[in-house]
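Raw contents of data-v5.txt, compact mmCIF, C-alpha atoms:
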# COMPACT_ATOMS: atom_id res chain seq x y z
CA MET Y 275 -60.26 99.92 -232.39
CA LEU Y 276 -56.69 98.86 -233.19
CA MET Y 277 -53.73 101.20 -233.33
CA SER Y 278 -52.39 101.97 -236.76
CA ASP Y 279 -48.95 100.57 -237.54
CA THR Y 280 -47.46 104.09 -237.50
CA VAL Y 281 -48.92 104.88 -234.09
CA SER Y 282 -47.90 101.45 -232.80
CA VAL Y 283 -44.28 101.87 -233.93
CA GLU Y 284 -44.11 105.42 -232.53
CA PHE Y 285 -45.63 104.28 -229.23
CA SER Y 286 -43.21 101.34 -228.97
CA GLN Y 287 -40.23 103.59 -229.65
CA GLN Y 288 -41.27 106.11 -227.01
CA LEU Y 289 -41.95 103.39 -224.46
CA THR Y 290 -38.58 101.76 -225.16
CA GLN Y 291 -36.73 105.08 -224.88
CA ILE Y 292 -38.06 105.87 -221.40
CA GLN Y 293 -37.61 102.43 -219.78
CA ARG Y 294 -34.50 103.41 -217.83
CA LYS Y 295 -36.05 106.67 -216.58
CA LEU Y 296 -39.31 104.93 -215.75
CA TYR Y 297 -37.48 102.26 -213.76
CA SER Y 298 -35.43 104.92 -211.93
CA TYR Y 299 -38.61 106.82 -211.13
CA ILE Y 300 -40.32 103.71 -209.73
CA LEU Y 301 -37.17 102.72 -207.82
CA SER Y 302 -37.07 106.14 -206.19
CA LEU Y 303 -40.57 105.51 -204.85
CA VAL Y 304 -40.14 101.82 -203.95
CA PRO Y 305 -36.49 101.26 -202.99
CA ASN Y 306 -36.65 97.49 -203.43
CA ARG Y 307 -35.23 96.58 -206.86
CA THR Y 308 -37.26 93.41 -207.30
CA GLU Y 309 -40.51 95.14 -206.43
CA ALA Y 310 -39.59 98.10 -208.65
CA GLN Y 311 -38.99 95.71 -211.57
CA ASP Y 312 -42.37 94.08 -210.95
CA ILE Y 313 -44.06 97.49 -210.88
CA LEU Y 314 -42.24 98.47 -214.07
CA GLN Y 315 -43.57 95.38 -215.83
CA GLU Y 316 -47.10 96.08 -214.60
CA SER Y 317 -46.76 99.71 -215.67
CA ASN Y 318 -45.61 98.65 -219.14
CA PHE Y 319 -48.58 96.32 -219.39
CA VAL Y 320 -51.00 99.12 -218.44
CA LEU Y 321 -49.29 101.55 -220.82
CA CYS Y 322 -49.65 99.11 -223.71
CA ARG Y 323 -53.25 98.42 -222.79
CA LYS Y 324 -53.95 102.18 -222.77
CA ALA Y 325 -51.88 103.00 -225.86
CA GLU Y 326 -54.93 104.11 -227.83
CA GLU Y 327 -55.84 106.60 -225.10
CA TYR Y 328 -52.51 108.40 -225.35
CA ASP Y 329 -52.71 111.86 -226.93
CA LYS Y 330 -49.56 112.24 -229.02
CA ASP Y 331 -49.66 116.02 -228.50
CA ARG Y 332 -48.97 115.49 -224.78
CA ASN Y 333 -45.70 114.61 -223.06
CA PHE Y 334 -45.33 110.83 -223.30
CA GLN Y 335 -42.93 110.55 -220.38
CA ALA Y 336 -45.21 112.53 -218.06
CA TRP Y 337 -48.12 110.28 -219.05
CA ALA Y 338 -46.05 107.13 -218.47
CA PHE Y 339 -44.80 108.42 -215.10
CA ARG Y 340 -48.37 109.14 -214.01
CA ILE Y 341 -49.42 105.58 -214.86
CA ALA Y 342 -46.37 104.20 -213.05
CA ARG Y 343 -47.28 106.35 -210.06
CA TYR Y 344 -50.74 104.75 -209.95
CA GLN Y 345 -49.11 101.31 -210.12
CA VAL Y 346 -46.84 102.22 -207.21
CA MET Y 347 -49.84 103.39 -205.19
CA ALA Y 348 -51.69 100.15 -205.97
CA PHE Y 349 -48.63 98.20 -204.86
CA LEU Y 350 -48.42 100.17 -201.61
CA LYS Y 351 -52.04 99.41 -200.81
CA THR Y 352 -51.28 95.71 -201.03
CA ARG Y 353 -48.23 96.14 -198.79
CA LYS Y 354 -49.76 98.58 -196.31
CA ARG Y 355 -48.74 96.56 -193.25
CA SER Y 356 -45.04 96.68 -194.03
CA LYS Y 357 -43.14 99.35 -192.11
CA LEU Y 358 -40.24 99.11 -194.53
CA ILE Y 359 -41.90 101.05 -197.33
CA PHE Y 360 -42.72 104.73 -197.59
CA SER Y 361 -46.22 105.85 -196.62
CA GLU Y 362 -48.64 106.72 -199.43
CA ASN Y 363 -48.39 110.43 -198.56
CA ILE Y 364 -44.61 110.42 -198.86
CA VAL Y 365 -44.82 108.55 -202.17
CA GLU Y 366 -47.38 111.07 -203.45
CA LEU Y 367 -45.07 113.95 -202.55
CA LEU Y 368 -42.05 112.23 -204.06
CA ALA Y 369 -43.98 111.35 -207.19
CA GLU Y 370 -45.09 114.94 -207.70
CA GLU Y 371 -41.50 116.10 -207.29
CA LEU Y 372 -40.08 113.43 -209.57
CA GLU Y 373 -42.60 113.89 -212.36
CA ASP Y 374 -41.02 117.24 -213.03
CA ASN Y 375 -38.21 115.97 -215.29
CA SER Y 376 -35.93 118.92 -214.65
CA ARG Y 377 -35.98 118.18 -210.93
CA PHE Y 378 -35.51 114.44 -211.32
CA ASP Y 379 -31.82 114.68 -212.22
CA LYS Y 380 -31.25 117.36 -209.57
CA MET Y 381 -32.81 115.12 -206.95
CA ARG Y 382 -30.76 112.10 -208.00
CA LYS Y 383 -27.53 114.12 -207.79
CA ALA Y 384 -28.62 115.58 -204.46
CA LEU Y 385 -29.39 112.10 -203.10
CA SER Y 386 -25.91 110.90 -204.08
CA TYR Y 387 -24.39 113.94 -202.34
CA CYS Y 388 -26.58 113.45 -199.27
CA LEU Y 389 -25.69 109.76 -198.98
CA ASP Y 390 -22.02 110.75 -198.94
CA GLU Y 391 -22.76 113.27 -196.17
CA LEU Y 392 -24.25 110.65 -193.84
CA GLY Y 393 -22.19 109.32 -190.99
CA GLU Y 394 -20.39 106.05 -191.62
CA ARG Y 395 -22.85 103.88 -189.66
CA SER Y 396 -25.93 105.52 -191.20
CA ARG Y 397 -24.45 105.24 -194.69
CA ALA Y 398 -23.72 101.53 -194.09
CA VAL Y 399 -27.32 100.90 -193.03
CA ALA Y 400 -28.68 102.84 -196.02
CA ARG Y 401 -26.47 101.03 -198.52
CA LEU Y 402 -27.33 97.61 -197.11
CA ARG Y 403 -31.06 98.37 -197.22
CA PHE Y 404 -31.37 100.27 -200.49
CA GLU Y 405 -28.47 99.01 -202.60
CA LYS Y 406 -28.11 95.44 -201.33
CA ASN Y 407 -31.84 95.04 -200.57
CA CYS Y 408 -31.11 93.49 -197.17
CA SER Y 409 -33.89 92.98 -194.64
CA LEU Y 410 -33.72 94.60 -191.21
CA LEU Y 411 -32.77 91.25 -189.72
CA GLU Y 412 -29.94 90.78 -192.23
CA ILE Y 413 -28.64 94.30 -191.57
CA ALA Y 414 -28.80 93.77 -187.81
CA GLU Y 415 -26.86 90.51 -188.15
CA LYS Y 416 -24.24 92.00 -190.50
CA LEU Y 417 -23.66 95.02 -188.27
CA GLY Y 418 -24.03 93.20 -184.96
CA ARG Y 419 -26.73 95.66 -183.85
CA PRO Y 420 -30.21 95.07 -182.41
CA MET Y 421 -33.02 95.14 -184.97
CA GLY Y 422 -34.73 98.01 -183.15
CA THR Y 423 -31.57 100.09 -183.42
CA VAL Y 424 -31.30 99.34 -187.13
CA SER Y 425 -34.96 100.22 -187.65
CA ALA Y 426 -34.56 103.53 -185.79
CA THR Y 427 -31.38 104.31 -187.72
CA LEU Y 428 -33.11 103.57 -191.02
CA TYR Y 429 -35.98 105.87 -190.07
CA ARG Y 430 -33.55 108.69 -189.17
CA VAL Y 431 -31.65 108.10 -192.42
CA ARG Y 432 -34.83 108.41 -194.50
CA VAL Y 433 -35.82 111.63 -192.74
CA ALA Y 434 -32.30 113.07 -193.01
CA LEU Y 435 -32.00 112.15 -196.68
CA ALA Y 436 -35.38 113.65 -197.53
CA GLN Y 437 -34.49 116.92 -195.77
CA CYS Y 438 -31.00 117.03 -197.27
CA VAL Y 439 -32.29 116.40 -200.80
CA ARG Y 440 -34.93 119.14 -200.43
CA ASN Y 441 -32.31 121.60 -199.18
CA LYS Y 442 -29.74 120.70 -201.83
CA VAL Y 443 -32.25 121.01 -204.68
CA ALA Y 444 -33.50 124.33 -203.28
CA GLU Y 445 -29.90 125.60 -203.13
CA GLU Y 446 -29.26 124.53 -206.72
CA GLU Y 447 -32.48 126.13 -207.96
CA ALA Y 448 -31.71 129.34 -206.07
CA ALA Y 449 -28.24 129.41 -207.65
CA GLU Y 450 -29.80 128.99 -211.10
CA LEU Y 451 -32.01 132.03 -210.52
CA SER Y 452 -29.04 134.19 -209.51

Would you kindly transcribe this structure into structure tokens?
Amino acid sequence: MLMSDTVSVEFSQQLTQIQRKLYSYILSLVPNRTEAQDILQESNFVLCRKAEEYDKDRNFQAWAFRIARYQVMAFLKTRKRSKLIFSENIVELLAEELEDNSRFDKMRKALSYCLDELGERSRAVARLRFEKNCSLLEIAEKLGRPMGTVSATLYRVRVALAQCVRNKVAEEEAAELS
């Protein structure tokens, strides 16, 4: 069964409108820009393939995010040996948090705040890894630090950022209730 032209145009418009949010969502789960772009393309392919299954009475963005989440999980299974990506459990938790659109912007703002709160060395490691997409070896060379030290710092940064973001979002939500 083929989509009607009206449904096809509406679907295309909705898919086009959420591309930036969908990419940001994927990038928050897989902090490598190239891999996130690949997952976005695969997600778009799956979304188009499943266009007829979409119920237009449901939230399109939530549906698209769910499909992207499955694509991220499939990607993680293929990369399971890499210690540089988040575990599936962490991605599941992040995905659940991020699928709630109202929290997505809060979390992005909180992450920006939390990055600024990191110490200079930790912030440098985080920026090199997540913004510049540098490998551990490249970071170690640039900073003149042993790879093990960089790896441990990156682990501590991820833990600290996750805790800081949770706390900051909780504070903001508590303030909204007051």

Padded axis-aligned box of range 427-445 of chain Y (3 Å per side), centre and edge lengths, Å, one decimal, as lines of an AutoDock Vina configuration file:
center_x = -32.9
center_y = 114.6
center_z = -196.2
size_x = 12.2
size_y = 28.0
size_z = 23.0

Non-local contacts of Leu385 in chain Y (9 Å; all atoms listed in the file; under 2 positions in same chain excluded) as an mmCIF file with C-alpha atoms, keeping the file's coordinate frame:
data_model
loop_
_atom_site.group_PDB
_atom_site.id
_atom_site.type_symbol
_atom_site.label_atom_id
_atom_site.label_comp_id
_atom_site.auth_asym_id
_atom_site.auth_seq_id
_atom_site.Cartn_x
_atom_site.Cartn_y
_atom_site.Cartn_z
ATOM 1 C CA LYS Y 380 -31.250 117.360 -209.570
ATOM 2 C CA MET Y 381 -32.810 115.120 -206.950
ATOM 3 C CA ARG Y 382 -30.760 112.100 -208.000
ATOM 4 C CA LYS Y 383 -27.530 114.120 -207.790
ATOM 5 C CA TYR Y 387 -24.390 113.940 -202.340
ATOM 6 C CA CYS Y 388 -26.580 113.450 -199.270
ATOM 7 C CA LEU Y 389 -25.690 109.760 -198.980
ATOM 8 C CA ASP Y 390 -22.020 110.750 -198.940
ATOM 9 C CA LEU Y 435 -32.000 112.150 -196.680
ATOM 10 C CA ALA Y 436 -35.380 113.650 -197.530
ATOM 11 C CA CYS Y 438 -31.000 117.030 -197.270
ATOM 12 C CA VAL Y 439 -32.290 116.400 -200.800
ATOM 13 C CA LYS Y 442 -29.740 120.700 -201.830
#

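Distances to Asn306 in chain Y were evaluated for Y:Leu411, Y:Val346, Y:Leu392, Y:Ala448 using all atoms listed in the file, and the minimum falls at Y:Val346.
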
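Taking CA of Ala342 in chain Y as the reference point, CA of Ser286 in chain Y is found at 16.5 Å.
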
With all atoms listed in the file as the counted atoms, please give the residues lying no more than 9 Å from Thr308 in chain Y, apart from itself and same-chain residues fewer than 4 positions off, as a list in words.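 My reading of the contact set: Asp312, Ile313 and Asn407 of chain Y.
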
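CA of Arg401 in chain Y lies 12.5 Å from CA of Val424 in chain Y.
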
Distance of CA of Gln437 in chain Y from CA of Ser409 in chain Y, expressed in Å to one decimal place: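 Result for CA of Ser409 in chain Y versus CA of Gln437 in chain Y: 24.0 Å, one decimal.
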
Would you please work out which residue, of Y:Leu321, Y:Glu415, Y:Thr427, Y:Gln293, is nearest to Glu394 in chain Y when using only C-alpha atoms? Y:Thr427

Give me the residues near Glu412 in chain Y as a PyMOL selection string, where near means some atom within 10 Å (using all atoms listed in the file) and where sequence neighbours in that chain fewer than 4 positions away do not count. chain Y and resi 402-403+407-408+416-418+421

Y:Ala384, Y:Phe404, Y:Glu284, Y:Leu296: which is nearest Phe339 in chain Y, counting only C-alpha atoms?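 For Phe339 in chain Y, the nearest of the candidates is Y:Leu296.
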
Tell me which protein, DNA and RNA residues are within 12 Å of Ala426 in chain Y, counting all atoms listed in the file, leaving out same-chain ones fewer than 5 positions away, and put them as number ranges by chain. Y: 357-358, 396, 399-400, 410, 414, 419-421, 431-433

Requested write-out: C-alpha atoms of the selected residues, as a short mmCIF file (atom, residue, chain, number, x, y, z; two decimals), in the coordinates of the input:
data_model
loop_
_atom_site.label_atom_id
_atom_site.label_comp_id
_atom_site.auth_asym_id
_atom_site.auth_seq_id
_atom_site.Cartn_x
_atom_site.Cartn_y
_atom_site.Cartn_z
CA LYS Y 357 -43.14 99.35 -192.11
CA LEU Y 358 -40.24 99.11 -194.53
CA SER Y 396 -25.93 105.52 -191.20
CA VAL Y 399 -27.32 100.90 -193.03
CA ALA Y 400 -28.68 102.84 -196.02
CA LEU Y 410 -33.72 94.60 -191.21
CA ALA Y 414 -28.80 93.77 -187.81
CA ARG Y 419 -26.73 95.66 -183.85
CA PRO Y 420 -30.21 95.07 -182.41
CA MET Y 421 -33.02 95.14 -184.97
CA VAL Y 431 -31.65 108.10 -192.42
CA ARG Y 432 -34.83 108.41 -194.50
CA VAL Y 433 -35.82 111.63 -192.74
#

For each of Y:Lys295, Y:Pro305, Y:Lys351, Y:Val283, take the minimum atom-to-atom distance to Lys406 in chain Y, counting all atoms listed in the file, then give the residue where this is smallest.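 Between Y:Lys295, Y:Pro305, Y:Lys351, Y:Val283, the residue approaching Lys406 in chain Y most closely is Y:Pro305.
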